[in-house]
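Colleague: This structure is in structure tokens; I'll ask about it shortly.
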Amino acid sequence: MARLTVEEVDHIALLARLTLSDEEKGLYAQQLSAILDYAAELADIDVEGIPPTATVLAVHNILRQDDIAGVSIARDDALKNAPRTDGASFEVQATFDNKDQ
Amino acid sequence: MTLCTLTIQQAREGLRAGQFSSVEMTREFLARIHELNPVLNAFITINDVEALAQAQAADERIARSEDTPLLGVPIAIKDVLSTRGLRTTAGSRILENYTPTWDATSVARLRAAGAVFLGKTNLDEFAMGSSTENSGYGVTHNPWDQTRVPGGSSGGSAAAVAADLCCAALGTDTGGSVRQPAALCGVIGLKNTYGRVSRYGLIAYGSSLDSIGVLAKTPRDAAIVLSVMGGRDPLDSTSVDTPVPDFAVAMNGSVAGMRVGVPSEYFIEGTQADVTTAVRAGIEQLRQMGATVKEISLPNTRVALPVYYLIAPAEASANLARFDGVRYGLRVPGEDLIDTYSRTRGAGFGAEVKRRIMLGTYALSAGYYDAYYIRAQKVRTLIKQEFERAFEEVDIIAAPVSPTTAFKIGEKVDDPIQMYLADVFTLPCNLAGICGISVPCGFDAAGLPIGLQLLGRAFDEAAILRAADAYQRETSWHKKRAGDRA
């Protein structure tokens, strides 16, 4: 029986970049455990020598010339939906900024 | 006669003959949408201005004797497909103010074929759900009974077709999201073969499972839209370069001699008795029309649900990583960049989306990847092989779409597994990448519609369309309309 702890839920939430309330953490710990219990029956199926499905299609690598594929977005259009820009770029907090400094 | 009840085929005939204009038709639809949407909530965005401009342009082209498959025909689009210049929310608050700068290929092809876009239909957030209750824009109500769900995730599209708010609508089907709402709303729902229609511009949920389909009033209408949308697109390397027939022609014919497989695993305890009875009667009807009916077995059907609920959330957790509050959508500022990402996503996503991201992240995380994700993909191979073997003996497979008719709003929202079970008969088709259609085949004791599911070989949509069309020539279930009640 899979029983996720709140600590495990915290770890997954960090990996998934999700801020969760304490209430959500408790709920997901319980609900994800129930779903994983449901998935436990897969352990009983013999998959010896069976390849995992990567795609249902009989396609291989699709190659093309290394040039622009016909569509390109103007910079103004690309920035139009952004929450913050300086008119030429997306604005975000500094990636390596240390909040203690 | 109202123009809102017309099929695509009838609309094209009337427009071509000059019996009415696209502007008249579009005005009638918009008036009906504005009248009924406050009750049904089938549309998130109504496209009044552009629709009338498109209709005007179509009328001018018709006057010049131009003839394209959807010229002047009013269509609705599920709000997870990108529409140039028209807000696209994916049913999520995180994209409340997002307006794409390009069309999805499916949308672009409809546009080129002359379609009029009435608006964007409601859905479960990011197409994750079976009831449209997970929408960030309120639940859609079933036109047959407004206390009940329309199914999901393409619930807005199904309700819009059922209530005569459009001629047809685009939907998407990752685990049943076209077929199940079609069944619960009593309309045709066509899920195309994976690779048949380009996914470019579809806001991705489960990329190895997502397909774009059609909700329509007749199989022929679904065929017309499929022929417009289908075919290779250089912008989606998983769109297959295989010929796209004129399905409205390729579907002609009867079911005489067609071999119909009936898998015992789709007739199980827990299915509503009315559903089983109606589906069995539908299969008997096909037999009387000359089809050969054969019992078959697809033993791994029972594990399709857990396989799906590992693979789809895993793919979703990767796909939805792009919603980080940088290039588009909501941003909730935090103490540092990671905190901004986490707060943005925590505030912008709804409960079911967060649940699936968490589940998928877990299934892909170190130590669990082999046990959950890879194992699920191996069992998926078994499910696919099982269908391939079955299709050596039969031409199509017949089964229920959904174990129940439309359930009450709120009935399953607190129990994810009960909600997931609504898709138990539709998920295997997506895992195998084949095609399927939902066809009205009866009503339960409460008068709610029931769907017959017909599954076909990969790229053999013609066979299931032919069977569905032949079935409707001999039955009248589809003639009873929810619009008569609304």
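So you can find residues: chains in the structure tokens are A, B, ... in the order shown, residues in each start at 1, and ligands are numbered from 1 in order.
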Could you tell me which residues of chain A sit within 7 Å of chain B when counting only C-alpha atoms, and give me the result as a PDB file with N, CA and C atoms, in the first residue's frame?

Modeller:
ATOM      1  N   ILE A  12       7.541  16.522  -3.686  1.00  0.00           N
ATOM      2  CA  ILE A  12       6.980  16.497  -5.054  1.00  0.00           C
ATOM      3  C   ILE A  12       6.530  17.901  -5.454  1.00  0.00           C
ATOM      4  N   ALA A  13       5.915  18.603  -4.518  1.00  0.00           N
ATOM      5  CA  ALA A  13       5.434  19.965  -4.817  1.00  0.00           C
ATOM      6  C   ALA A  13       6.599  20.887  -5.171  1.00  0.00           C
ATOM      7  N   ALA A  16       7.635  20.008  -8.645  1.00  0.00           N
ATOM      8  CA  ALA A  16       6.613  20.454  -9.600  1.00  0.00           C
ATOM      9  C   ALA A  16       6.430  21.968  -9.592  1.00  0.00           C
ATOM     10  N   ARG A  17       7.156  22.663  -8.701  1.00  0.00           N
ATOM     11  CA  ARG A  17       7.015  24.128  -8.585  1.00  0.00           C
ATOM     12  C   ARG A  17       5.568  24.524  -8.316  1.00  0.00           C
ATOM     13  N   LEU A  18       5.024  23.950  -7.246  1.00  0.00           N
ATOM     14  CA  LEU A  18       3.650  24.264  -6.857  1.00  0.00           C
ATOM     15  C   LEU A  18       3.624  24.662  -5.394  1.00  0.00           C
ATOM     16  N   THR A  19       3.154  25.846  -5.084  1.00  0.00           N
ATOM     17  CA  THR A  19       2.902  26.226  -3.698  1.00  0.00           C
ATOM     18  C   THR A  19       1.540  25.665  -3.299  1.00  0.00           C
ATOM     19  N   LEU A  20       1.526  24.812  -2.287  1.00  0.00           N
ATOM     20  CA  LEU A  20       0.274  24.194  -1.837  1.00  0.00           C
ATOM     21  C   LEU A  20      -0.041  24.634  -0.409  1.00  0.00           C
ATOM     22  N   TYR A  28      -3.895  15.848  -0.920  1.00  0.00           N
ATOM     23  CA  TYR A  28      -3.159  15.153  -1.984  1.00  0.00           C
ATOM     24  C   TYR A  28      -2.429  13.925  -1.440  1.00  0.00           C
ATOM     25  N   LEU A  32      -3.480  10.900  -3.609  1.00  0.00           N
ATOM     26  CA  LEU A  32      -2.445  10.291  -4.443  1.00  0.00           C
ATOM     27  C   LEU A  32      -2.156   8.882  -3.971  1.00  0.00           C
ATOM     28  N   ILE A  35      -4.795   6.674  -5.450  1.00  0.00           N
ATOM     29  CA  ILE A  35      -4.599   6.450  -6.890  1.00  0.00           C
ATOM     30  C   ILE A  35      -3.427   5.482  -7.114  1.00  0.00           C
ATOM     31  N   TYR A  38      -4.385   1.996  -6.599  1.00  0.00           N
ATOM     32  CA  TYR A  38      -5.103   1.524  -7.781  1.00  0.00           C
ATOM     33  C   TYR A  38      -4.110   1.062  -8.847  1.00  0.00           C
ATOM     34  N   ALA A  39      -2.990   1.788  -8.943  1.00  0.00           N
ATOM     35  CA  ALA A  39      -1.970   1.459  -9.942  1.00  0.00           C
ATOM     36  C   ALA A  39      -1.160   0.224  -9.562  1.00  0.00           C
ATOM     37  N   LEU A  42      -0.780  -3.076 -11.617  1.00  0.00           N
ATOM     38  CA  LEU A  42       0.110  -3.222 -12.771  1.00  0.00           C
ATOM     39  C   LEU A  42       1.308  -4.108 -12.425  1.00  0.00           C
ATOM     40  N   VAL A  47       5.339  -8.332 -17.883  1.00  0.00           N
ATOM     41  CA  VAL A  47       5.793  -7.481 -18.984  1.00  0.00           C
ATOM     42  C   VAL A  47       7.218  -7.853 -19.405  1.00  0.00           C
ATOM     43  N   ILE A  50       8.636  -7.107 -22.935  1.00  0.00           N
ATOM     44  CA  ILE A  50       7.731  -6.188 -23.640  1.00  0.00           C
ATOM     45  C   ILE A  50       8.358  -4.797 -23.663  1.00  0.00           C
ATOM     46  N   PRO A  51       8.525  -4.202 -24.844  1.00  0.00           N
ATOM     47  CA  PRO A  51       9.104  -2.844 -24.885  1.00  0.00           C
ATOM     48  C   PRO A  51       8.078  -1.795 -24.449  1.00  0.00           C
ATOM     49  N   PRO A  52       8.520  -0.741 -23.784  1.00  0.00           N
ATOM     50  CA  PRO A  52       7.575   0.339 -23.458  1.00  0.00           C
ATOM     51  C   PRO A  52       7.153   1.069 -24.730  1.00  0.00           C
ATOM     52  N   THR A  53       5.921   1.532 -24.775  1.00  0.00           N
ATOM     53  CA  THR A  53       5.447   2.319 -25.917  1.00  0.00           C
ATOM     54  C   THR A  53       6.077   3.707 -25.843  1.00  0.00           C
ATOM     55  N   THR A  55       5.794   5.701 -28.827  1.00  0.00           N
ATOM     56  CA  THR A  55       4.770   6.345 -29.634  1.00  0.00           C
ATOM     57  C   THR A  55       3.937   5.239 -30.259  1.00  0.00           C
ATOM     58  N   VAL A  56       2.669   5.530 -30.507  1.00  0.00           N
ATOM     59  CA  VAL A  56       1.802   4.532 -31.141  1.00  0.00           C
ATOM     60  C   VAL A  56       2.009   4.523 -32.655  1.00  0.00           C
ATOM     61  N   ILE A  62      11.975  12.456 -37.927  1.00  0.00           N
ATOM     62  CA  ILE A  62      11.514  13.289 -39.032  1.00  0.00           C
ATOM     63  C   ILE A  62      12.560  14.384 -39.214  1.00  0.00           C
ATOM     64  N   ASP A  77       4.524  40.734 -30.914  1.00  0.00           N
ATOM     65  CA  ASP A  77       3.507  39.700 -30.691  1.00  0.00           C
ATOM     66  C   ASP A  77       3.936  38.747 -29.578  1.00  0.00           C
ATOM     67  N   ASN A  81       1.590  38.901 -24.566  1.00  0.00           N
ATOM     68  CA  ASN A  81       0.886  38.205 -23.487  1.00  0.00           C
ATOM     69  C   ASN A  81       1.693  38.129 -22.187  1.00  0.00           C
ATOM     70  N   ALA A  82       2.876  38.713 -22.192  1.00  0.00           N
ATOM     71  CA  ALA A  82       3.743  38.565 -21.021  1.00  0.00           C
ATOM     72  C   ALA A  82       3.265  39.439 -19.866  1.00  0.00           C
ATOM     73  N   PRO A  83       3.351  38.939 -18.631  1.00  0.00           N
ATOM     74  CA  PRO A  83       2.940  39.741 -17.475  1.00  0.00           C
ATOM     75  C   PRO A  83       3.829  40.972 -17.282  1.00  0.00           C
ATOM     76  N   PHE A  90      11.260  39.819 -22.037  1.00  0.00           N
ATOM     77  CA  PHE A  90      10.489  39.409 -20.860  1.00  0.00           C
ATOM     78  C   PHE A  90      11.254  39.836 -19.615  1.00  0.00           C
ATOM     79  N   VAL A  92      12.032  39.129 -15.715  1.00  0.00           N
ATOM     80  CA  VAL A  92      11.897  38.194 -14.590  1.00  0.00           C
ATOM     81  C   VAL A  92      12.881  38.588 -13.497  1.00  0.00           C
ATOM     82  N   GLN A  93      12.699  37.981 -12.323  1.00  0.00           N
ATOM     83  CA  GLN A  93      13.679  38.197 -11.266  1.00  0.00           C
ATOM     84  C   GLN A  93      14.993  37.547 -11.676  1.00  0.00           C
ATOM     85  N   THR A  95      17.887  35.144 -11.933  1.00  0.00           N
ATOM     86  CA  THR A  95      17.911  33.719 -11.634  1.00  0.00           C
ATOM     87  C   THR A  95      18.846  33.415 -10.468  1.00  0.00           C
ATOM     88  N   LYS A  99      18.266  36.099  -2.136  1.00  0.00           N
ATOM     89  CA  LYS A  99      17.321  36.961  -1.436  1.00  0.00           C
ATOM     90  C   LYS A  99      17.889  37.473  -0.109  1.00  0.00           C
TER      91      LYS A  99
END

Colleague: Find the residues near Glu392 in chain B: any atom within 12 Å, counting only C-alpha atoms, skip ones fewer than 2 places away on the same chain, and give them as a ChimeraX atom specification.

Modeller: /B:259-261,296,385-390,394-397,456-457

Colleague: Could you take the residues named above and write them with N, CA and C atoms, as a short mmCIF file (atom, residue, chain, number, x, y, z; two decimals), in the first residue's frame?

Modeller:
data_model
loop_
_atom_site.label_atom_id
_atom_site.label_comp_id
_atom_site.auth_asym_id
_atom_site.auth_seq_id
_atom_site.Cartn_x
_atom_site.Cartn_y
_atom_site.Cartn_z
N ARG B 259 -17.47 -7.10 -39.97
CA ARG B 259 -17.30 -7.94 -38.77
C ARG B 259 -17.20 -7.03 -37.54
N VAL B 260 -18.14 -7.20 -36.63
CA VAL B 260 -18.20 -6.35 -35.44
C VAL B 260 -17.80 -7.17 -34.21
N GLY B 261 -16.74 -6.76 -33.54
CA GLY B 261 -16.29 -7.45 -32.34
C GLY B 261 -16.93 -6.85 -31.10
N ILE B 296 -15.42 -11.05 -28.61
CA ILE B 296 -13.96 -11.07 -28.53
C ILE B 296 -13.53 -10.77 -27.10
N GLN B 385 -1.17 -4.12 -28.60
CA GLN B 385 -1.05 -5.39 -29.32
C GLN B 385 -2.37 -6.16 -29.30
N GLU B 386 -3.07 -6.05 -28.16
CA GLU B 386 -4.35 -6.74 -28.02
C GLU B 386 -5.36 -6.23 -29.06
N PHE B 387 -5.38 -4.91 -29.24
CA PHE B 387 -6.28 -4.33 -30.27
C PHE B 387 -5.85 -4.79 -31.67
N GLU B 388 -4.54 -4.79 -31.91
CA GLU B 388 -4.06 -5.20 -33.24
C GLU B 388 -4.48 -6.63 -33.56
N ARG B 389 -4.38 -7.51 -32.57
CA ARG B 389 -4.81 -8.90 -32.78
C ARG B 389 -6.31 -8.96 -33.03
N ALA B 390 -7.07 -8.19 -32.24
CA ALA B 390 -8.54 -8.19 -32.40
C ALA B 390 -8.92 -7.72 -33.80
N VAL B 394 -11.77 -8.79 -36.67
CA VAL B 394 -12.97 -7.96 -36.81
C VAL B 394 -12.60 -6.63 -37.47
N ASP B 395 -13.61 -5.96 -38.02
CA ASP B 395 -13.37 -4.68 -38.70
C ASP B 395 -13.57 -3.50 -37.76
N ILE B 396 -14.56 -3.62 -36.88
CA ILE B 396 -14.78 -2.59 -35.87
C ILE B 396 -15.12 -3.28 -34.55
N ILE B 397 -15.05 -2.53 -33.47
CA ILE B 397 -15.39 -3.05 -32.15
C ILE B 397 -16.52 -2.19 -31.59
N GLY B 456 -12.34 1.74 -34.37
CA GLY B 456 -11.82 1.26 -35.64
C GLY B 456 -10.31 1.17 -35.64
N ARG B 457 -9.78 0.50 -36.66
CA ARG B 457 -8.32 0.40 -36.82
C ARG B 457 -7.72 1.79 -37.01
#

Colleague: Between CA of Glu125 in chain B and CA of Thr89 in chain B, measure the distance and give it in Å to one decimal.

Modeller: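 Taking CA of Glu125 in chain B as the start and CA of Thr89 in chain B as the end point, the length is 8.6 Å.
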
Colleague: Report, in Å to a single decimal, how far apart CA of Cys167 in chain B and CA of Leu190 in chain B are.

Modeller: 14.7 Å

Colleague: I'd like the neighbourhood of Lys25 in chain A as a compact mmCIF listing (two decimals) with N, CA and C atoms, in the first residue's frame, where a residue qualifies if any of its atoms comes within 8 Å (using only C-alpha atoms), though same-chain residues fewer than 5 positions away should be ignored.

Modeller:
# COMPACT_ATOMS: atom_id res chain seq x y z
N VAL A 6 3.26 13.66 4.25
CA VAL A 6 3.21 15.08 3.91
C VAL A 6 4.60 15.56 3.48
N VAL A 9 4.95 14.67 -0.09
CA VAL A 9 4.13 15.60 -0.86
C VAL A 9 4.85 16.94 -1.00
N ASP A 10 5.48 17.39 0.06
CA ASP A 10 6.27 18.63 0.03
C ASP A 10 7.37 18.55 -1.03
N LEU A 20 1.53 24.81 -2.29
CA LEU A 20 0.27 24.19 -1.84
C LEU A 20 -0.04 24.63 -0.41

Colleague: Which of chain A end up as helix (DSSP H, G or I) when DSSP is run on this backbone - answer as a PyMOL selection string?

Modeller: chain A and resi 6-15+22-44+75-80
